[in-house]
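Quick notes on the structure that follows.
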Amino acid sequence: MGNIKAVLFDFDGTISTLRAGWEEIMRPLMKEAIAGQMQLTVEQETALEHEIDAYIDQSTGIQTIYQMRWLAEAVRQQGWNHNVLDEWEYKAEYNKRLLECVNGRIEKLQSGEWTPEQFLIRGAAAFIQELHQRGIDLYVASGTDHLDVVNEARVLGLANYFQDIMGAPVGKADCSKEKVLQQLIHNRHLAGEELAVIGDGKVEIRLGKEAGAMSLGLASDEERREGINPVKERRLRAAGADWIAGDFRNIEEWLAKLGL
């Protein structure tokens, strides 16, 4: 066996696709909040859409509240909408819209109409089970609210494989993936080379590299649940990922990369 003793997974887009399409909910919310009732010119609308798209792209993977903090500041700075909410109010509205979609999917899973496999990246369950059987400690760190990510891991049948699932705490903006990584390294007495980070966002990849961990990118196509998403691939490559795949179908290759 190699040096890897623990693997830290991102959740949304890396394991689960229950929240696939979140960008299509966040994007119009941000546009509505910034523009308000202002009648924008074509040039203004195009510029605003580009600004929002660029921010969503570069912030993927961070805690939602920080994205809403950016939104509140953008509304203030632009000055088109005088009804400026605070970051928690924007987050509440975003969550309300997103959960309408997510909860509908969960209801169909719980009723048996849909199966967990329909919302898992290809091979994810088998890969997680294989790592668990080999005695590797498995963790999840997510920018999604803690209770939600725990519930979604349970609904997908994976919660029991993880030593800990760490999402964003309710009403706080102090739980970051950086904090989780440092807790794993220091509290679990892991050296950087004993830890691997697997995720589809540049945030966890960059943090993993900074901590000396192996950082493996999952450039998932969340609609197909297999194959490479070239946008994610470019993002992950720029973040310094040690290796990039689109799914977990080739378990032997993943295990070889981990030295297992």
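Going by the structure tokens order, chains are called A, B, ..., each with residues numbered from 1, while ligands are numbered from 1 in the order shown.
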
Check: Which of region 8-247 of chain A counts as strand (DSSP E) under DSSP, as a ChimeraX atom specification please?
Finding: /A:8-9,137-145,164-168,195-199,214-218,243-245

Create the file for the chosen residues now, containing N, CA, C and O atoms and written as a CSV table (one decimal), in the first residue's frame.
```
chain,number,residue,atom,x,y,z
A,8,LEU,N,-10.1,13.1,1.0
A,8,LEU,CA,-11.2,14.1,1.2
A,8,LEU,C,-11.9,14.4,-0.1
A,8,LEU,O,-11.2,14.8,-1.1
A,9,PHE,N,-13.2,14.2,-0.2
A,9,PHE,CA,-13.9,14.4,-1.4
A,9,PHE,C,-14.7,15.7,-1.2
A,9,PHE,O,-15.3,16.0,-0.2
A,137,ASP,N,-9.5,6.1,5.3
A,137,ASP,CA,-10.5,7.0,5.9
A,137,ASP,C,-11.0,8.0,4.9
A,137,ASP,O,-10.3,8.7,4.2
A,138,LEU,N,-12.3,8.1,4.8
A,138,LEU,CA,-13.0,9.0,3.8
A,138,LEU,C,-13.7,10.1,4.4
A,138,LEU,O,-14.4,9.9,5.5
A,139,TYR,N,-13.6,11.3,3.8
A,139,TYR,CA,-14.3,12.5,4.4
A,139,TYR,C,-14.9,13.3,3.2
A,139,TYR,O,-14.5,13.2,2.1
A,140,VAL,N,-15.9,14.1,3.6
A,140,VAL,CA,-16.5,15.0,2.6
A,140,VAL,C,-16.4,16.4,3.2
A,140,VAL,O,-16.7,16.6,4.4
A,141,ALA,N,-16.0,17.3,2.4
A,141,ALA,CA,-16.1,18.8,2.7
A,141,ALA,C,-16.8,19.5,1.6
A,141,ALA,O,-16.6,19.3,0.4
A,142,SER,N,-17.8,20.3,2.0
A,142,SER,CA,-18.7,20.9,1.0
A,142,SER,C,-19.1,22.3,1.4
A,142,SER,O,-19.2,22.6,2.6
A,143,GLY,N,-19.3,23.1,0.4
A,143,GLY,CA,-19.8,24.5,0.7
A,143,GLY,C,-21.3,24.5,0.9
A,143,GLY,O,-21.9,25.6,1.2
A,144,THR,N,-22.0,23.4,0.6
A,144,THR,CA,-23.4,23.3,0.9
A,144,THR,C,-23.7,23.2,2.4
A,144,THR,O,-22.9,22.7,3.1
A,145,ASP,N,-24.9,23.7,2.8
A,145,ASP,CA,-25.2,23.7,4.2
A,145,ASP,C,-25.1,22.3,4.8
A,145,ASP,O,-25.5,21.3,4.1
A,164,ASP,N,-16.5,11.4,8.3
A,164,ASP,CA,-17.1,12.7,8.7
A,164,ASP,C,-17.6,13.4,7.4
A,164,ASP,O,-16.9,13.3,6.4
A,165,ILE,N,-18.7,14.1,7.5
A,165,ILE,CA,-19.2,14.9,6.4
A,165,ILE,C,-19.3,16.3,7.0
A,165,ILE,O,-20.0,16.6,7.9
A,166,MET,N,-18.6,17.2,6.3
A,166,MET,CA,-18.5,18.6,6.9
A,166,MET,C,-19.0,19.6,5.8
A,166,MET,O,-18.4,19.8,4.8
A,167,GLY,N,-20.2,20.1,6.1
A,167,GLY,CA,-20.7,21.2,5.3
A,167,GLY,C,-20.7,22.5,6.0
A,167,GLY,O,-20.1,22.7,7.1
A,168,ALA,N,-21.3,23.5,5.4
A,168,ALA,CA,-21.3,24.9,5.9
A,168,ALA,C,-22.3,24.9,7.1
A,168,ALA,O,-23.4,24.5,7.0
A,195,LEU,N,-2.6,12.3,2.5
A,195,LEU,CA,-3.9,12.8,2.2
A,195,LEU,C,-4.1,13.0,0.7
A,195,LEU,O,-3.2,13.6,0.1
A,196,ALA,N,-5.2,12.6,0.2
A,196,ALA,CA,-5.6,12.9,-1.2
A,196,ALA,C,-6.9,13.7,-1.2
A,196,ALA,O,-7.8,13.5,-0.4
A,197,VAL,N,-6.9,14.7,-2.1
A,197,VAL,CA,-8.1,15.6,-2.2
A,197,VAL,C,-8.7,15.3,-3.6
A,197,VAL,O,-7.9,15.3,-4.6
A,198,ILE,N,-10.0,15.0,-3.7
A,198,ILE,CA,-10.6,14.8,-5.0
A,198,ILE,C,-11.8,15.7,-5.2
A,198,ILE,O,-12.7,15.8,-4.3
A,199,GLY,N,-11.8,16.5,-6.2
A,199,GLY,CA,-12.9,17.5,-6.4
A,199,GLY,C,-13.0,18.0,-7.8
A,199,GLY,O,-12.1,17.9,-8.6
A,214,MET,N,-2.0,15.1,-2.3
A,214,MET,CA,-2.3,14.7,-3.7
A,214,MET,C,-3.6,15.3,-4.1
A,214,MET,O,-4.6,15.1,-3.4
A,215,SER,N,-3.7,16.0,-5.2
A,215,SER,CA,-4.9,16.7,-5.7
A,215,SER,C,-5.4,16.2,-7.0
A,215,SER,O,-4.7,16.4,-8.0
A,216,LEU,N,-6.5,15.4,-7.0
A,216,LEU,CA,-7.0,14.8,-8.2
A,216,LEU,C,-8.3,15.5,-8.7
A,216,LEU,O,-9.2,15.6,-7.9
A,217,GLY,N,-8.3,15.9,-9.9
A,217,GLY,CA,-9.4,16.7,-10.4
A,217,GLY,C,-10.5,15.8,-11.0
A,217,GLY,O,-10.1,14.8,-11.7
A,218,LEU,N,-11.7,16.1,-10.8
A,218,LEU,CA,-12.9,15.3,-11.4
A,218,LEU,C,-13.6,16.3,-12.3
A,218,LEU,O,-14.5,17.0,-11.8
A,243,TRP,N,-3.8,15.2,-11.6
A,243,TRP,CA,-4.3,14.3,-12.6
A,243,TRP,C,-5.8,14.6,-12.7
A,243,TRP,O,-6.4,15.1,-11.7
A,244,ILE,N,-6.4,14.4,-13.9
A,244,ILE,CA,-7.8,14.8,-14.1
A,244,ILE,C,-8.5,13.6,-14.8
A,244,ILE,O,-8.0,13.1,-15.8
A,245,ALA,N,-9.7,13.3,-14.3
A,245,ALA,CA,-10.6,12.3,-15.0
A,245,ALA,C,-12.0,12.9,-15.0
A,245,ALA,O,-12.3,13.9,-14.4
```

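Proximity to Tyr161 (chain A) was assessed for A:Arg134, A:Arg225, A:His50, A:Lys96 counting only C-alpha atoms; the smallest distance is recorded for A:Arg134.
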
Check: Between CA of Tyr90 (chain A) and CA of Gln77 (chain A), what is the distance, to one decimal in Å?
Finding: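 For CA of Tyr90 (chain A) relative to CA of Gln77 (chain A), the distance reads 15.9 Å.
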
Check: Near Leu158 (chain A), within 9 Å and counting only C-alpha atoms, which residues show up once chain neighbours fewer than 3 positions away are dropped, as a ChimeraX atom specification?
Finding: /A:125,128-129,152-155,161-162

Margin query: Just checking: using only C-alpha atoms, which residue out of A:Asp242, A:Thr64, A:Glu194, A:Thr17 ends up closest to Ile106 (chain A)?
Written below: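 Closest residue, counting only C-alpha atoms: A:Thr17.
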
Next item on the list: Using only C-alpha atoms, determine which residues lie at most 9 Å from Arg97 (chain A), disregarding the query and same-chain residues fewer than 4 positions distant; provide the list as a PyMOL selection string.
Entry: chain A and resi 25-26+92-93+101

Next item on the list: Mind giving me the straight-line distance from CA of Thr60 (chain A) to CA of Gly201 (chain A) in Å, one decimal?
Entry: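 So the answer is 5.9 Å.
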
Note to self: Residues of region 13-240 of chain A classed as helix (DSSP H, G or I) by DSSP on the backbone are to be reported as a ChimeraX atom specification.
What the structure shows: /A:23-35,42-59,64-78,87-111,116-119,124-133,146-155,159-161,177-187,192-194,202-210,230-239

Margin query: Report, in Å with one decimal, the straight-line distance from CA of Glu73 (chain A) to CA of Gly171 (chain A).
Written below: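 Computing the Euclidean distance for CA of Glu73 (chain A) and CA of Gly171 (chain A) yields 18.9 Å.
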
Note to self: as a list in words, please: the residues near Lys108 (chain A) (cut-off 12 Å, only C-alpha atoms, same-chain neighbours under 4 positions excluded).
What the structure shows: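 What passes the distance filter is Leu18, Cys101, Val102, Asn103, Gly104, Gly112, Glu113, Trp114, Thr115, Pro116, Gln118, Phe119, Val155 and Leu156 of chain A.
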
Next item on the list: Considering only C-alpha atoms, return as a ChimeraX atom specification whatever protein or nucleic-acid residues lie within 12 Å of Glu49 (chain A), sequence-local ones (same chain, fewer than 4 positions apart) excluded.
Entry: /A:26-32,34-35,40,42-45,53-56

Selected residues written out, N, CA, C and O atoms, as a PDB file, in the first residue's frame:
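Saved the output as out35.pdb:
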```
ATOM      1  N   MET A  26     -28.484  30.345  -9.657  1.00  0.00           N
ATOM      2  CA  MET A  26     -27.738  31.473  -9.102  1.00  0.00           C
ATOM      3  C   MET A  26     -27.614  32.624 -10.106  1.00  0.00           C
ATOM      4  O   MET A  26     -27.718  33.804  -9.743  1.00  0.00           O
ATOM      5  N   ARG A  27     -27.415  32.289 -11.374  1.00  0.00           N
ATOM      6  CA  ARG A  27     -27.182  33.320 -12.395  1.00  0.00           C
ATOM      7  C   ARG A  27     -28.351  34.311 -12.504  1.00  0.00           C
ATOM      8  O   ARG A  27     -28.128  35.533 -12.388  1.00  0.00           O
ATOM      9  N   PRO A  28     -29.598  33.861 -12.709  1.00  0.00           N
ATOM     10  CA  PRO A  28     -30.700  34.836 -12.800  1.00  0.00           C
ATOM     11  C   PRO A  28     -30.973  35.557 -11.489  1.00  0.00           C
ATOM     12  O   PRO A  28     -31.381  36.727 -11.502  1.00  0.00           O
ATOM     13  N   LEU A  29     -30.732  34.892 -10.360  1.00  0.00           N
ATOM     14  CA  LEU A  29     -30.906  35.562  -9.068  1.00  0.00           C
ATOM     15  C   LEU A  29     -29.961  36.752  -8.969  1.00  0.00           C
ATOM     16  O   LEU A  29     -30.368  37.859  -8.571  1.00  0.00           O
ATOM     17  N   MET A  30     -28.716  36.538  -9.326  1.00  0.00           N
ATOM     18  CA  MET A  30     -27.733  37.622  -9.269  1.00  0.00           C
ATOM     19  C   MET A  30     -28.097  38.752 -10.231  1.00  0.00           C
ATOM     20  O   MET A  30     -28.019  39.932  -9.887  1.00  0.00           O
ATOM     21  N   LYS A  31     -28.535  38.378 -11.420  1.00  0.00           N
ATOM     22  CA  LYS A  31     -28.906  39.385 -12.412  1.00  0.00           C
ATOM     23  C   LYS A  31     -30.092  40.209 -11.931  1.00  0.00           C
ATOM     24  O   LYS A  31     -30.089  41.448 -12.026  1.00  0.00           O
ATOM     25  N   GLU A  32     -31.103  39.550 -11.395  1.00  0.00           N
ATOM     26  CA  GLU A  32     -32.288  40.259 -10.868  1.00  0.00           C
ATOM     27  C   GLU A  32     -31.905  41.204  -9.742  1.00  0.00           C
ATOM     28  O   GLU A  32     -32.375  42.342  -9.672  1.00  0.00           O
ATOM     29  N   ILE A  34     -28.959  42.597  -8.990  1.00  0.00           N
ATOM     30  CA  ILE A  34     -28.105  43.722  -9.378  1.00  0.00           C
ATOM     31  C   ILE A  34     -28.872  44.720 -10.243  1.00  0.00           C
ATOM     32  O   ILE A  34     -28.784  45.936 -10.034  1.00  0.00           O
ATOM     33  N   ALA A  35     -29.644  44.234 -11.209  1.00  0.00           N
ATOM     34  CA  ALA A  35     -30.340  45.130 -12.139  1.00  0.00           C
ATOM     35  C   ALA A  35     -31.558  45.785 -11.511  1.00  0.00           C
ATOM     36  O   ALA A  35     -31.907  46.921 -11.854  1.00  0.00           O
ATOM     37  N   LEU A  40     -32.034  47.862 -18.746  1.00  0.00           N
ATOM     38  CA  LEU A  40     -30.650  47.867 -19.200  1.00  0.00           C
ATOM     39  C   LEU A  40     -30.557  47.944 -20.715  1.00  0.00           C
ATOM     40  O   LEU A  40     -31.409  47.406 -21.436  1.00  0.00           O
ATOM     41  N   VAL A  42     -28.548  46.874 -24.212  1.00  0.00           N
ATOM     42  CA  VAL A  42     -27.959  45.591 -24.612  1.00  0.00           C
ATOM     43  C   VAL A  42     -26.534  45.482 -24.098  1.00  0.00           C
ATOM     44  O   VAL A  42     -26.109  44.431 -23.592  1.00  0.00           O
ATOM     45  N   GLU A  43     -25.792  46.585 -24.195  1.00  0.00           N
ATOM     46  CA  GLU A  43     -24.397  46.586 -23.752  1.00  0.00           C
ATOM     47  C   GLU A  43     -24.304  46.369 -22.249  1.00  0.00           C
ATOM     48  O   GLU A  43     -23.447  45.602 -21.771  1.00  0.00           O
ATOM     49  N   GLN A  44     -25.169  47.034 -21.485  1.00  0.00           N
ATOM     50  CA  GLN A  44     -25.158  46.875 -20.037  1.00  0.00           C
ATOM     51  C   GLN A  44     -25.520  45.450 -19.630  1.00  0.00           C
ATOM     52  O   GLN A  44     -24.887  44.868 -18.746  1.00  0.00           O
ATOM     53  N   GLU A  45     -26.530  44.908 -20.287  1.00  0.00           N
ATOM     54  CA  GLU A  45     -26.972  43.553 -19.956  1.00  0.00           C
ATOM     55  C   GLU A  45     -25.881  42.534 -20.271  1.00  0.00           C
ATOM     56  O   GLU A  45     -25.613  41.622 -19.478  1.00  0.00           O
ATOM     57  N   ASP A  53     -21.132  35.597 -14.886  1.00  0.00           N
ATOM     58  CA  ASP A  53     -20.592  34.306 -15.327  1.00  0.00           C
ATOM     59  C   ASP A  53     -19.151  34.128 -14.868  1.00  0.00           C
ATOM     60  O   ASP A  53     -18.759  33.037 -14.422  1.00  0.00           O
ATOM     61  N   ALA A  54     -18.357  35.182 -14.986  1.00  0.00           N
ATOM     62  CA  ALA A  54     -16.952  35.104 -14.579  1.00  0.00           C
ATOM     63  C   ALA A  54     -16.836  34.850 -13.083  1.00  0.00           C
ATOM     64  O   ALA A  54     -16.001  34.054 -12.634  1.00  0.00           O
ATOM     65  N   TYR A  55     -17.704  35.501 -12.310  1.00  0.00           N
ATOM     66  CA  TYR A  55     -17.634  35.299 -10.860  1.00  0.00           C
ATOM     67  C   TYR A  55     -18.058  33.880 -10.489  1.00  0.00           C
ATOM     68  O   TYR A  55     -17.399  33.226  -9.666  1.00  0.00           O
ATOM     69  N   ILE A  56     -19.139  33.397 -11.056  1.00  0.00           N
ATOM     70  CA  ILE A  56     -19.593  32.038 -10.746  1.00  0.00           C
ATOM     71  C   ILE A  56     -18.504  31.034 -11.102  1.00  0.00           C
ATOM     72  O   ILE A  56     -18.225  30.095 -10.347  1.00  0.00           O
TER      73      ILE A  56
END
```

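Counting only C-alpha atoms, the residue from A:Asn83, A:Gln63, A:Gln78, A:Gln110 that sits nearest to Glu51 (chain A) is A:Gln78.
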
Item checked: Test item: residues at most 12 Å from Gln183 (chain A), only C-alpha atoms, excluding those fewer than 3 positions along its chain, as a PyMOL selection string -> chain A and resi 8+139+141+164+166+175-180+186-192+195+211

Filtering to all heavy atoms, could you give me those residues as a short mmCIF file (atom, residue, chain, number, x, y, z; two decimals), in the first residue's frame?
```
data_model
loop_
_atom_site.label_atom_id
_atom_site.label_comp_id
_atom_site.auth_asym_id
_atom_site.auth_seq_id
_atom_site.Cartn_x
_atom_site.Cartn_y
_atom_site.Cartn_z
N LEU A 8 -10.15 13.09 1.00
CA LEU A 8 -11.16 14.13 1.22
C LEU A 8 -11.85 14.41 -0.10
O LEU A 8 -11.21 14.83 -1.07
CB LEU A 8 -10.51 15.40 1.76
CG LEU A 8 -11.43 16.62 1.94
CD1 LEU A 8 -12.47 16.35 3.02
CD2 LEU A 8 -10.62 17.86 2.28
N TYR A 139 -13.64 11.29 3.85
CA TYR A 139 -14.26 12.49 4.37
C TYR A 139 -14.91 13.27 3.24
O TYR A 139 -14.49 13.16 2.09
CB TYR A 139 -13.23 13.40 5.06
CG TYR A 139 -12.50 12.73 6.20
CD1 TYR A 139 -11.35 11.98 5.97
CD2 TYR A 139 -12.96 12.84 7.51
CE1 TYR A 139 -10.68 11.34 7.02
CE2 TYR A 139 -12.30 12.22 8.56
CZ TYR A 139 -11.16 11.47 8.30
OH TYR A 139 -10.51 10.86 9.35
N ALA A 141 -16.02 17.34 2.37
CA ALA A 141 -16.06 18.77 2.71
C ALA A 141 -16.85 19.47 1.61
O ALA A 141 -16.56 19.28 0.42
CB ALA A 141 -14.66 19.35 2.80
N ASP A 164 -16.48 11.43 8.35
CA ASP A 164 -17.12 12.69 8.69
C ASP A 164 -17.57 13.39 7.41
O ASP A 164 -16.92 13.26 6.37
CB ASP A 164 -16.14 13.59 9.46
CG ASP A 164 -16.84 14.58 10.38
OD1 ASP A 164 -18.10 14.66 10.32
OD2 ASP A 164 -16.15 15.26 11.15
N MET A 166 -18.60 17.22 6.34
CA MET A 166 -18.49 18.58 6.87
C MET A 166 -18.99 19.59 5.85
O MET A 166 -18.37 19.82 4.82
CB MET A 166 -17.03 18.87 7.25
CG MET A 166 -16.54 17.98 8.39
SD MET A 166 -14.74 17.74 8.44
CE MET A 166 -14.47 16.55 7.11
N CYS A 175 -16.80 28.15 8.07
CA CYS A 175 -16.42 26.77 7.73
C CYS A 175 -15.96 26.73 6.28
O CYS A 175 -16.75 26.82 5.36
CB CYS A 175 -17.59 25.82 7.94
SG CYS A 175 -17.18 24.10 7.55
N SER A 176 -14.66 26.64 6.08
CA SER A 176 -14.13 26.61 4.72
C SER A 176 -13.44 25.28 4.48
O SER A 176 -13.08 24.55 5.41
CB SER A 176 -13.13 27.75 4.52
OG SER A 176 -11.99 27.54 5.34
N LYS A 177 -13.22 24.96 3.21
CA LYS A 177 -12.51 23.73 2.89
C LYS A 177 -11.07 23.80 3.39
O LYS A 177 -10.48 22.78 3.76
CB LYS A 177 -12.56 23.49 1.38
CG LYS A 177 -13.97 23.11 0.91
CD LYS A 177 -14.06 22.93 -0.58
CE LYS A 177 -15.50 22.57 -0.96
NZ LYS A 177 -15.69 22.47 -2.41
N GLU A 178 -10.52 25.00 3.43
CA GLU A 178 -9.17 25.18 3.98
C GLU A 178 -9.13 24.76 5.45
O GLU A 178 -8.22 24.06 5.90
CB GLU A 178 -8.73 26.63 3.85
CG GLU A 178 -7.32 26.89 4.35
CD GLU A 178 -6.89 28.32 4.08
OE1 GLU A 178 -7.75 29.16 3.81
OE2 GLU A 178 -5.68 28.58 4.17
N LYS A 179 -10.15 25.17 6.20
CA LYS A 179 -10.24 24.82 7.62
C LYS A 179 -10.37 23.31 7.80
O LYS A 179 -9.72 22.72 8.67
CB LYS A 179 -11.45 25.54 8.24
CG LYS A 179 -11.61 25.34 9.74
CD LYS A 179 -12.79 26.16 10.24
CE LYS A 179 -13.03 25.95 11.73
NZ LYS A 179 -14.21 26.73 12.20
N VAL A 180 -11.19 22.68 6.97
CA VAL A 180 -11.37 21.24 7.05
C VAL A 180 -10.07 20.51 6.75
O VAL A 180 -9.69 19.55 7.45
CB VAL A 180 -12.48 20.78 6.08
CG1 VAL A 180 -12.52 19.26 5.98
CG2 VAL A 180 -13.83 21.31 6.54
N HIS A 186 -3.86 18.25 10.99
CA HIS A 186 -3.38 18.45 12.36
C HIS A 186 -4.08 17.56 13.38
O HIS A 186 -3.43 16.90 14.19
CB HIS A 186 -3.53 19.92 12.75
CG HIS A 186 -2.69 20.84 11.91
ND1 HIS A 186 -1.32 20.74 11.85
CD2 HIS A 186 -3.03 21.86 11.08
CE1 HIS A 186 -0.84 21.66 11.03
NE2 HIS A 186 -1.86 22.34 10.55
N ASN A 187 -5.41 17.50 13.33
CA ASN A 187 -6.14 16.73 14.33
C ASN A 187 -6.03 15.23 14.12
O ASN A 187 -6.06 14.45 15.07
CB ASN A 187 -7.62 17.12 14.36
CG ASN A 187 -7.82 18.58 14.76
OD1 ASN A 187 -6.88 19.26 15.15
ND2 ASN A 187 -9.06 19.06 14.67
N ARG A 188 -5.91 14.82 12.87
CA ARG A 188 -5.79 13.38 12.58
C ARG A 188 -4.33 12.97 12.43
O ARG A 188 -4.04 11.83 12.10
CB ARG A 188 -6.56 13.03 11.29
CG ARG A 188 -7.98 13.58 11.22
CD ARG A 188 -8.97 12.74 11.97
NE ARG A 188 -10.30 13.33 11.94
CZ ARG A 188 -11.40 12.72 12.36
NH1 ARG A 188 -11.33 11.50 12.83
NH2 ARG A 188 -12.56 13.34 12.33
N HIS A 189 -3.44 13.94 12.63
CA HIS A 189 -1.99 13.67 12.59
C HIS A 189 -1.57 13.07 11.25
O HIS A 189 -0.83 12.08 11.18
CB HIS A 189 -1.57 12.76 13.75
CG HIS A 189 -2.02 13.25 15.09
ND1 HIS A 189 -1.51 14.41 15.65
CD2 HIS A 189 -2.94 12.78 15.96
CE1 HIS A 189 -2.09 14.62 16.83
NE2 HIS A 189 -2.97 13.65 17.03
N LEU A 190 -2.07 13.67 10.18
CA LEU A 190 -1.71 13.22 8.83
C LEU A 190 -0.64 14.13 8.24
O LEU A 190 -0.71 15.35 8.37
CB LEU A 190 -2.94 13.28 7.92
CG LEU A 190 -4.08 12.30 8.18
CD1 LEU A 190 -5.27 12.66 7.31
CD2 LEU A 190 -3.65 10.87 7.92
N ALA A 191 0.33 13.53 7.61
CA ALA A 191 1.26 14.32 6.80
C ALA A 191 0.57 14.61 5.48
O ALA A 191 -0.34 13.88 5.06
CB ALA A 191 2.55 13.54 6.58
N GLY A 192 0.98 15.68 4.81
CA GLY A 192 0.35 16.06 3.55
C GLY A 192 0.31 14.93 2.55
O GLY A 192 -0.71 14.70 1.87
N LEU A 195 -2.57 12.30 2.50
CA LEU A 195 -3.93 12.76 2.20
C LEU A 195 -4.09 13.03 0.71
O LEU A 195 -3.21 13.61 0.08
CB LEU A 195 -4.22 14.04 2.99
CG LEU A 195 -5.56 14.74 2.73
CD1 LEU A 195 -6.72 13.86 3.18
CD2 LEU A 195 -5.59 16.08 3.46
N ALA A 211 -1.47 22.31 0.79
CA ALA A 211 -1.28 21.50 2.00
C ALA A 211 -0.32 20.34 1.77
O ALA A 211 -0.03 19.58 2.70
CB ALA A 211 -2.63 20.97 2.48
#
```

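Nearest to Ile65 (chain A) of all the residues A:Gly240, A:Gly259, A:Pro169, A:Gly123 is A:Pro169, counting only C-alpha atoms.
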
Check: Which is closer to Arg224 (chain A) than all the others in A:Leu48, A:Ala72, A:Leu99, A:Leu120, using only C-alpha atoms?
Finding: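 Checking each of A:Leu48, A:Ala72, A:Leu99, A:Leu120 against Arg224 (chain A), counting only C-alpha atoms, the winner is A:Leu120.
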